[in-house]
Structure formats: C-alpha cells, structure tokens
file protein_22.txt (compact mmCIF, C-alpha atoms and all ligand atoms)
# COMPACT_ATOMS: atom_id res chain seq x y z
CA MET A 1 -71.80 57.05 15.28
CA LYS A 2 -72.34 57.14 19.01
CA GLU A 3 -75.54 58.78 20.11
CA THR A 4 -73.82 61.55 22.09
CA ILE A 5 -71.53 62.45 19.18
CA ALA A 6 -74.47 62.43 16.77
CA ARG A 7 -76.29 64.82 19.09
CA LEU A 8 -73.22 67.05 19.31
CA LYS A 9 -73.00 67.17 15.53
CA GLU A 10 -76.68 68.04 15.31
CA LEU A 11 -76.28 70.91 17.79
CA VAL A 12 -73.17 72.26 16.04
CA ASP A 13 -74.82 72.00 12.61
CA GLY A 14 -77.77 73.98 13.91
CA SER A 15 -75.77 76.84 15.41
CA ASP A 16 -73.69 79.71 14.06
CA ASN A 17 -72.95 81.32 17.40
CA ILE A 18 -70.89 78.80 19.31
CA VAL A 19 -68.49 79.70 22.10
CA PHE A 20 -65.92 77.27 23.46
CA PHE A 21 -64.66 77.41 27.02
CA GLY A 22 -61.66 75.17 27.64
CA GLY A 23 -59.30 74.02 30.34
CA ALA A 24 -56.19 71.91 30.80
CA GLY A 25 -57.80 68.78 29.31
CA VAL A 26 -57.80 70.41 25.87
CA SER A 27 -54.01 70.43 25.83
CA THR A 28 -53.22 67.10 27.47
CA GLU A 29 -53.68 65.39 24.09
CA SER A 30 -50.86 67.64 22.85
CA GLY A 31 -48.63 66.30 25.58
CA ILE A 32 -48.97 69.19 27.99
CA PRO A 33 -49.55 67.80 31.46
CA ASP A 34 -51.80 69.62 33.87
CA PHE A 35 -49.24 71.12 36.23
CA ARG A 36 -51.64 70.56 39.11
CA SER A 37 -51.62 66.83 38.58
CA THR A 38 -49.19 65.11 40.89
CA ASP A 39 -46.86 62.80 39.07
CA GLY A 40 -44.43 60.44 40.75
CA LEU A 41 -41.47 62.75 40.34
CA TYR A 42 -43.26 65.74 41.61
CA HIS A 43 -42.80 65.17 45.30
CA GLN A 44 -39.14 64.35 44.95
CA LYS A 45 -38.32 67.42 42.90
CA TRP A 46 -40.32 70.19 44.50
CA LYS A 47 -40.55 71.28 48.09
CA TYR A 48 -43.79 73.20 47.66
CA PRO A 49 -47.13 72.56 45.98
CA PRO A 50 -47.55 74.18 42.53
CA GLU A 51 -50.12 76.62 43.88
CA THR A 52 -47.46 77.97 46.25
CA ILE A 53 -44.66 78.14 43.70
CA LEU A 54 -46.88 79.83 41.11
CA SER A 55 -48.01 82.56 43.48
CA HIS A 56 -47.09 86.22 43.32
CA THR A 57 -45.46 86.11 46.76
CA PHE A 58 -43.30 83.14 45.81
CA TYR A 59 -42.32 84.84 42.55
CA GLU A 60 -41.15 87.88 44.48
CA CYS A 61 -39.41 86.05 47.32
CA ASN A 62 -38.06 82.87 45.69
CA THR A 63 -37.66 84.04 42.12
CA GLU A 64 -34.99 81.56 41.15
CA GLU A 65 -36.96 78.56 42.41
CA PHE A 66 -40.07 79.97 40.69
CA PHE A 67 -38.29 79.95 37.34
CA ARG A 68 -36.85 76.49 37.93
CA PHE A 69 -40.42 75.16 38.28
CA TYR A 70 -41.74 77.41 35.51
CA ARG A 71 -39.20 76.13 32.99
CA ALA A 72 -39.62 72.50 34.00
CA LYS A 73 -43.40 72.35 34.19
CA LEU A 74 -44.84 75.17 32.09
CA LEU A 75 -42.39 75.69 29.25
CA ILE A 76 -42.71 72.64 27.05
CA PRO A 77 -40.95 73.05 23.70
CA GLY A 78 -42.17 71.69 20.38
CA VAL A 79 -45.81 71.10 21.32
CA GLN A 80 -48.34 71.01 18.48
CA PRO A 81 -52.09 71.68 18.35
CA ASN A 82 -54.24 68.54 18.47
CA ALA A 83 -57.52 67.58 16.80
CA ALA A 84 -59.55 69.67 19.27
CA HIS A 85 -57.60 72.87 18.54
CA ARG A 86 -57.81 72.22 14.81
CA LYS A 87 -61.55 71.57 14.78
CA LEU A 88 -62.26 74.73 16.78
CA ALA A 89 -60.17 76.82 14.35
CA GLU A 90 -62.09 75.22 11.49
CA LEU A 91 -65.45 76.07 13.07
CA GLU A 92 -64.36 79.68 13.53
CA GLN A 93 -63.28 79.94 9.92
CA ALA A 94 -66.65 78.53 8.85
CA GLY A 95 -68.32 81.37 10.77
CA LYS A 96 -69.91 79.06 13.30
CA LEU A 97 -67.70 79.67 16.32
CA LYS A 98 -67.38 83.19 17.72
CA GLY A 99 -64.51 82.66 20.09
CA VAL A 100 -62.47 80.46 22.37
CA ILE A 101 -62.08 81.27 26.04
CA THR A 102 -59.26 79.31 27.60
CA GLN A 103 -57.62 78.73 30.94
CA ASN A 104 -54.55 77.39 29.13
CA ILE A 105 -51.42 79.44 28.62
CA ASP A 106 -49.82 77.42 25.81
CA GLY A 107 -50.97 79.39 22.76
CA LEU A 108 -52.05 76.23 20.92
CA HIS A 109 -55.41 77.63 19.77
CA GLN A 110 -53.60 80.43 17.92
CA ALA A 111 -51.08 77.91 16.57
CA ALA A 112 -54.03 75.99 15.10
CA GLY A 113 -55.33 79.14 13.43
CA SER A 114 -57.96 80.46 15.84
CA LYS A 115 -58.26 84.26 15.77
CA VAL A 116 -60.54 85.13 18.69
CA VAL A 117 -58.84 83.57 21.70
CA LEU A 118 -59.36 84.98 25.16
CA GLU A 119 -56.63 83.76 27.47
CA LEU A 120 -57.89 84.11 31.01
CA HIS A 121 -54.60 83.09 32.55
CA GLY A 122 -52.22 84.73 30.09
CA SER A 123 -49.64 83.09 27.84
CA VAL A 124 -46.15 81.64 28.06
CA HIS A 125 -45.53 83.28 24.69
CA ARG A 126 -45.63 86.78 26.14
CA ASN A 127 -42.98 87.93 28.59
CA TYR A 128 -42.10 91.46 29.59
CA CYS A 129 -39.15 93.18 31.21
CA GLU A 130 -40.27 94.64 34.53
CA LYS A 131 -37.95 97.61 34.04
CA CYS A 132 -38.18 98.72 30.39
CA GLY A 133 -41.24 96.75 29.22
CA LYS A 134 -39.44 95.05 26.33
CA PHE A 135 -41.14 91.94 24.96
CA HIS A 136 -39.38 88.58 25.09
CA ASP A 137 -40.60 85.36 23.44
CA PHE A 138 -40.94 81.73 24.51
CA ASP A 139 -37.47 80.76 23.28
CA PHE A 140 -35.84 83.55 25.21
CA MET A 141 -37.43 82.26 28.40
CA TYR A 142 -36.70 78.63 27.61
CA ARG A 143 -33.03 79.29 26.93
CA SER A 144 -32.53 81.57 29.91
CA GLU A 145 -30.92 80.34 33.10
CA GLY A 146 -31.69 81.28 36.65
CA VAL A 147 -33.75 84.48 36.68
CA PRO A 148 -34.25 85.70 33.08
CA ARG A 149 -32.80 89.15 32.53
CA CYS A 150 -33.45 91.71 29.80
CA ASP A 151 -30.55 93.52 28.05
CA CYS A 152 -31.30 96.44 30.38
CA GLY A 153 -30.79 94.23 33.44
CA GLY A 154 -34.47 94.12 34.38
CA ARG A 155 -36.18 90.90 35.40
CA VAL A 156 -38.42 89.36 32.72
CA LYS A 157 -41.85 88.32 33.99
CA PRO A 158 -44.12 85.92 32.12
CA ASP A 159 -47.51 87.38 31.19
CA VAL A 160 -49.13 84.56 33.11
CA VAL A 161 -51.64 85.17 35.87
CA LEU A 162 -50.12 83.90 39.12
CA TYR A 163 -52.03 82.87 42.20
CA GLU A 164 -52.89 86.02 44.24
CA GLU A 165 -52.96 88.06 41.03
CA GLY A 166 -56.22 89.24 39.48
CA LEU A 167 -57.39 88.29 36.02
CA ASP A 168 -57.28 90.91 33.30
CA GLN A 169 -60.56 92.84 33.48
CA GLU A 170 -60.84 93.45 29.76
CA THR A 171 -60.44 89.73 29.04
CA ILE A 172 -63.13 88.98 31.62
CA GLN A 173 -65.51 91.53 30.12
CA ARG A 174 -65.02 90.21 26.59
CA SER A 175 -65.53 86.64 27.82
CA VAL A 176 -68.77 87.56 29.61
CA GLN A 177 -69.97 89.26 26.44
CA LEU A 178 -69.22 86.24 24.27
CA ILE A 179 -70.86 83.79 26.66
CA ARG A 180 -73.91 85.98 27.25
CA ASN A 181 -74.56 86.23 23.51
CA ALA A 182 -73.75 82.62 22.68
CA ASP A 183 -76.38 80.33 21.27
CA MET A 184 -74.31 77.25 22.07
CA LEU A 185 -71.65 76.85 24.74
CA ILE A 186 -69.20 73.96 24.68
CA ILE A 187 -67.14 73.44 27.82
CA GLY A 188 -64.21 71.13 27.37
CA GLY A 189 -61.33 69.69 29.31
CA THR A 190 -62.02 71.38 32.58
CA SER A 191 -63.44 70.26 35.88
CA LEU A 192 -64.73 73.81 36.40
CA ASN A 193 -62.92 74.10 39.69
CA VAL A 194 -60.74 77.04 38.78
CA TYR A 195 -62.39 80.23 40.00
CA PRO A 196 -63.18 82.94 39.14
CA ALA A 197 -62.87 81.74 35.56
CA ALA A 198 -65.30 78.89 36.03
CA GLY A 199 -67.94 81.33 37.30
CA LEU A 200 -68.06 82.84 33.83
CA ILE A 201 -70.25 80.07 32.52
CA ASN A 202 -73.07 81.32 34.73
CA TYR A 203 -73.56 84.06 32.16
CA TYR A 204 -74.73 81.59 29.55
CA ARG A 205 -78.46 81.90 28.86
CA GLY A 206 -78.99 79.40 26.07
CA HIS A 207 -80.17 75.82 25.99
CA LYS A 208 -77.29 74.13 24.21
CA LEU A 209 -74.76 73.62 26.95
CA VAL A 210 -72.39 70.80 26.09
CA LEU A 211 -69.81 69.40 28.47
CA ILE A 212 -66.92 67.34 27.10
CA ASN A 213 -64.71 66.06 29.88
CA LYS A 214 -63.33 62.61 30.49
CA SER A 215 -64.15 62.55 34.17
CA ALA A 216 -67.25 63.66 36.01
CA VAL A 217 -67.17 67.26 37.11
CA ALA A 218 -67.27 68.16 40.74
CA ARG A 219 -69.74 70.87 40.15
CA ASP A 220 -73.36 70.02 39.48
CA LEU A 221 -73.83 71.37 36.02
CA ALA A 222 -77.11 71.35 34.20
CA ALA A 223 -75.59 70.42 30.86
CA ASP A 224 -77.88 69.54 27.96
CA LEU A 225 -75.32 67.05 26.70
CA VAL A 226 -72.42 65.37 28.49
CA ILE A 227 -69.67 63.62 26.53
CA THR A 228 -66.93 61.68 28.26
CA ASP A 229 -64.85 60.78 25.19
CA PRO A 230 -61.42 62.42 24.79
CA ILE A 231 -62.08 65.92 23.48
CA GLY A 232 -59.98 65.66 20.32
CA GLU A 233 -61.73 62.46 19.40
CA ALA A 234 -65.20 63.87 20.10
CA LEU A 235 -64.67 67.08 18.14
CA SER A 236 -62.97 65.50 15.18
CA ARG A 237 -65.97 63.22 14.61
CA ILE A 238 -68.48 65.98 14.06
ZN ZN B 301 -35.53 95.71 29.91
call {"tool": "encode", "arguments": {"input": "protein_22.txt", "output": "structure tokens"}}
result
Amino acid sequence: MKETIARLKELVDGSDNIVFFGGAGVSTESGIPDFRSTDGLYHQKWKYPPETILSHTFYECNTEEFFRFYRAKLLIPGVQPNAAHRKLAELEQAGKLKGVITQNIDGLHQAAGSKVVLELHGSVHRNYCEKCGKFHDFDFMYRSEGVPRCDCGGRVKPDVVLYEEGLDQETIQRSVQLIRNADMLIIGGTSLNVYPAAGLINYYRGHKLVLINKSAVARDLAADLVITDPIGEALSRI
C-alpha cells in the first residue's frame, strides 16, 4: 500500500468524528462533468459563460436559454454513485463519519445511502413551482421542454443556488457546526475556489486535515496529508 493511503487509513481508523467536504471532483468518476470545465463543444453551443447563464438575473431574463443549458449540462440521467460515495456512506453507517458537506447538486451521496448530507448549492432533485409551491422531481424537469410549467401554470424553479443568490443559512450553520466539532476533516474533489463555501473549512480546529484532489489546489492549505490519487480509488483502499 502506498504510504499516503496507509496514512489515510491510519487516520480514519483512529477517528470516529470524521467530516467530509466535497466538490465537483467527487462526482466526475460517476460521469458528471464539472460544468465549469470548458469542453470543445462548449464554445460552439453557448453564447455565454456558465457563470452568466447560471445566474439569477439570467434565469429571470433569459429563462428559456437558462433551461436549455440546465438540461444539457446539469441534468444527467442514469448516473450512479461511485466508490467514493459508497465508502463515505459505509463510514457513516459504521458511526465514524458524522456528515458530508457537498458543493454538488446531484444527490449521489444520498443515492449511496448517506443520511447526513448538507447540500450547500441545493439539488437537481428538488424543484418547486414559483406560484403554488408544488414539488416536482428530476424526471419532471428532464422531460419538460422550454420553461417547465406546473399544472397551475407557474414556472418551476430548481432548488439550486444560482450565482447572485445566497446560500441557505441553516445549511451553512449546520456545516459550520459539523466542521467545528470534527476530529478529522477530509476535503475531496475541490480546488477550494468556490466561495463562500470554501471559507467553511476555516472553522476546522483539529489536526487531521486531509486533502484528496488530483491537481494542486490554488489555495495554500496547511493539510496534514495530501493525496493526489483519484478520490474513489483512494477511499476504496482504506
Ligand atoms: Zn404550481
């Protein structure tokens, strides 16, 4: 076993109060591309950068184009949890992991069996009518055309935090609480550039800060252990 993985295993074995903080990299192994990454087709298909399209203003003013992008880039049918999601659910069930805090909106942690999942940026699985408040699921949104409409005629908005919109305060508070009380904090699949979510890790006060990310992070992070293997691979070996 590689030295870094052996060390990770040792830290996990010695802790029963682990918190996991994850980003887009956790889901890429499930085939969900980071919508911020620019693929070849991107520039041909979209006139605006994703940060513009996924903003509150754009949603209000160019609703149809918003949903065209949303369906194409954020609603990916048939995705399954990967080894990282499964291991984290297993650690929670074993009483070692107290919660997952995620920037992802794909619901894959819950699909893997995790119970305490704090979704900082919302979920594509929750959608609400702006007029009557009725809930609509993923399939409803995926099958809809143009601007999705409720039976009552109201527009259906994804419960996803758009640019210019604030994060849910209760989710933030619960995340701060988890991180503050954590003995071990594992950060995975994120470059820590997404604020204010990334600022949350400043609340960690322990000495078992593990970073699992395939590329170097922009931010200078005083991690106790840095692992650059793919996250599913790293976690499934412990
Ligand atoms: Zn309605």
call {"tool": "residues_near_ligand", "arguments": {"input": "protein_22.txt", "ligand": "ligand ZN 301 (chain B)", "cutoff": "9 Å", "atoms": "all atoms listed in the file", "output": "list of chain:residue names"}}
result
A:Tyr128, A:Cys129, A:Glu130, A:Lys131, A:Cys132, A:Gly133, A:Lys134, A:Phe135, A:Arg149, A:Cys150, A:Asp151, A:Cys152, A:Gly153, A:Gly154, A:Arg155, A:Val156
call {"tool": "residues_around", "arguments": {"input": "protein_22.txt", "residues": "A:Ser123", "least_positions_apart": "3", "cutoff": "7 Å", "atoms": "all atoms listed in the file", "output": "number ranges by chain"}}
result
A: 105-107, 126, 159-160
call {"tool": "closest_atom_pairs", "arguments": {"input": "protein_22.txt", "of": "stretch 154-238 of chain A", "to": "stretch 64-83 of chain A", "cutoff": "12 Å", "atoms": "only C-alpha atoms", "output": "CSV"}}
result
residue,atom,partner,partner_atom,distance
A:Arg155,CA,A:Glu64,CA,11.0
A:Val156,CA,A:Phe67,CA,10.5
A:Lys157,CA,A:Phe67,CA,9.7
A:Pro158,CA,A:Tyr70,CA,9.5
A:Val160,CA,A:Leu74,CA,10.4
A:Leu162,CA,A:Phe66,CA,10.9
A:Pro230,CA,A:Ala83,CA,10.3
A:Ile231,CA,A:Ala83,CA,8.3
A:Gly232,CA,A:Ala83,CA,4.7
A:Glu233,CA,A:Ala83,CA,7.1
A:Ala234,CA,A:Ala83,CA,9.1
A:Leu235,CA,A:Ala83,CA,7.3
A:Ser236,CA,A:Ala83,CA,6.1
A:Arg237,CA,A:Ala83,CA,9.8
A:Ile238,CA,A:Ala83,CA,11.4
call {"tool": "residues_around", "arguments": {"input": "protein_22.txt", "residues": "A:Gly14", "least_positions_apart": "2", "cutoff": "12 Å", "atoms": "only C-alpha atoms", "output": "NGL selection string"}}
result
:A and (7-12 or 16-18 or 96-97 or 183-184 or 208)
call {"tool": "write_last_selection", "arguments": {"input": "protein_22.txt", "atoms": "C-alpha atoms", "output": "mmCIF file, in the coordinates of the input"}}
result
data_model
loop_
_atom_site.group_PDB
_atom_site.id
_atom_site.type_symbol
_atom_site.label_atom_id
_atom_site.label_comp_id
_atom_site.auth_asym_id
_atom_site.auth_seq_id
_atom_site.Cartn_x
_atom_site.Cartn_y
_atom_site.Cartn_z
ATOM 1 C CA ARG A 7 -76.290 64.820 19.090
ATOM 2 C CA LEU A 8 -73.220 67.050 19.310
ATOM 3 C CA LYS A 9 -73.000 67.170 15.530
ATOM 4 C CA GLU A 10 -76.680 68.040 15.310
ATOM 5 C CA LEU A 11 -76.280 70.910 17.790
ATOM 6 C CA VAL A 12 -73.170 72.260 16.040
ATOM 7 C CA ASP A 16 -73.690 79.710 14.060
ATOM 8 C CA ASN A 17 -72.950 81.320 17.400
ATOM 9 C CA ILE A 18 -70.890 78.800 19.310
ATOM 10 C CA LYS A 96 -69.910 79.060 13.300
ATOM 11 C CA LEU A 97 -67.700 79.670 16.320
ATOM 12 C CA ASP A 183 -76.380 80.330 21.270
ATOM 13 C CA MET A 184 -74.310 77.250 22.070
ATOM 14 C CA LYS A 208 -77.290 74.130 24.210
#
call {"tool": "residues_around", "arguments": {"input": "protein_22.txt", "residues": "A:Tyr204", "least_positions_apart": "6", "cutoff": "12 Å", "atoms": "only C-alpha atoms", "output": "list in words"}}
result
Ile18, Val19, Phe20, Phe21, Ser175, Val176, Gln177, Leu178, Ile179, Arg180, Asn181, Ala182, Asp183, Met184, Leu185, Ile186, Ile187, Ala198, Val210, Ala222 and Ala223 of chain A
call {"tool": "closest_residue", "arguments": {"input": "protein_22.txt", "among": "A:Ser144, A:Thr171, A:Thr63, A:Ser30", "to": "A:Val116", "atoms": "all atoms listed in the file"}}
result
A:Thr171
call {"tool": "residues_near_point", "arguments": {"input": "protein_22.txt", "point": "(-66.6, 71.1, 30.3)", "cutoff": "10 Å", "atoms": "all atoms listed in the file", "output": "number ranges by chain"}}
result
A: 20-23, 25-26, 185-192, 198, 201, 209-217, 221, 223, 226-228, 231
call {"tool": "write_last_selection", "arguments": {"input": "protein_22.txt", "atoms": "C-alpha atoms", "output": "PDB file, keeping the file's coordinate frame"}}
result
ATOM      1  CA  PHE A  20     -65.920  77.270  23.460  1.00  0.00           C
ATOM      2  CA  PHE A  21     -64.660  77.410  27.020  1.00  0.00           C
ATOM      3  CA  GLY A  22     -61.660  75.170  27.640  1.00  0.00           C
ATOM      4  CA  GLY A  23     -59.300  74.020  30.340  1.00  0.00           C
ATOM      5  CA  GLY A  25     -57.800  68.780  29.310  1.00  0.00           C
ATOM      6  CA  VAL A  26     -57.800  70.410  25.870  1.00  0.00           C
ATOM      7  CA  LEU A 185     -71.650  76.850  24.740  1.00  0.00           C
ATOM      8  CA  ILE A 186     -69.200  73.960  24.680  1.00  0.00           C
ATOM      9  CA  ILE A 187     -67.140  73.440  27.820  1.00  0.00           C
ATOM     10  CA  GLY A 188     -64.210  71.130  27.370  1.00  0.00           C
ATOM     11  CA  GLY A 189     -61.330  69.690  29.310  1.00  0.00           C
ATOM     12  CA  THR A 190     -62.020  71.380  32.580  1.00  0.00           C
ATOM     13  CA  SER A 191     -63.440  70.260  35.880  1.00  0.00           C
ATOM     14  CA  LEU A 192     -64.730  73.810  36.400  1.00  0.00           C
ATOM     15  CA  ALA A 198     -65.300  78.890  36.030  1.00  0.00           C
ATOM     16  CA  ILE A 201     -70.250  80.070  32.520  1.00  0.00           C
ATOM     17  CA  LEU A 209     -74.760  73.620  26.950  1.00  0.00           C
ATOM     18  CA  VAL A 210     -72.390  70.800  26.090  1.00  0.00           C
ATOM     19  CA  LEU A 211     -69.810  69.400  28.470  1.00  0.00           C
ATOM     20  CA  ILE A 212     -66.920  67.340  27.100  1.00  0.00           C
ATOM     21  CA  ASN A 213     -64.710  66.060  29.880  1.00  0.00           C
ATOM     22  CA  LYS A 214     -63.330  62.610  30.490  1.00  0.00           C
ATOM     23  CA  SER A 215     -64.150  62.550  34.170  1.00  0.00           C
ATOM     24  CA  ALA A 216     -67.250  63.660  36.010  1.00  0.00           C
ATOM     25  CA  VAL A 217     -67.170  67.260  37.110  1.00  0.00           C
ATOM     26  CA  LEU A 221     -73.830  71.370  36.020  1.00  0.00           C
ATOM     27  CA  ALA A 223     -75.590  70.420  30.860  1.00  0.00           C
ATOM     28  CA  VAL A 226     -72.420  65.370  28.490  1.00  0.00           C
ATOM     29  CA  ILE A 227     -69.670  63.620  26.530  1.00  0.00           C
ATOM     30  CA  THR A 228     -66.930  61.680  28.260  1.00  0.00           C
ATOM     31  CA  ILE A 231     -62.080  65.920  23.480  1.00  0.00           C
TER      32      ILE A 231
END
call {"tool": "closest_residue", "arguments": {"input": "protein_22.txt", "among": "A:Glu92, A:Tyr48, A:His121, A:Ser114", "to": "A:Ala24", "atoms": "all atoms listed in the file"}}
result
A:His121
call {"tool": "closest_residue", "arguments": {"input": "protein_22.txt", "among": "A:His109, A:Gly199, A:Glu170, A:Tyr163", "to": "A:Ile53", "atoms": "only C-alpha atoms"}}
result
A:Tyr163
call {"tool": "closest_residue", "arguments": {"input": "protein_22.txt", "among": "A:Gln173, A:Val147, A:Pro33, A:Lys98", "to": "A:Tyr59", "atoms": "all atoms listed in the file"}}
result
A:Val147
call {"tool": "atom_distance", "arguments": {"input": "protein_22.txt", "atom1": "atom CA of A:Pro148", "atom2": "atom CA of A:Ala112"}}
result
28.4 Å
call {"tool": "atom_distance", "arguments": {"input": "protein_22.txt", "atom1": "atom CA of A:Ser27", "atom2": "atom CA of A:Asp229"}}
result
14.5 Å
call {"tool": "closest_residue", "arguments": {"input": "protein_22.txt", "among": "A:Gly122, A:Gly146, A:Pro49, A:Gly206", "to": "A:Ile172", "atoms": "all atoms listed in the file"}}
result
A:Gly122
call {"tool": "atom_distance", "arguments": {"input": "protein_22.txt", "atom1": "atom CA of A:Ala111", "atom2": "atom CA of A:Arg174"}}
result
21.1 Å
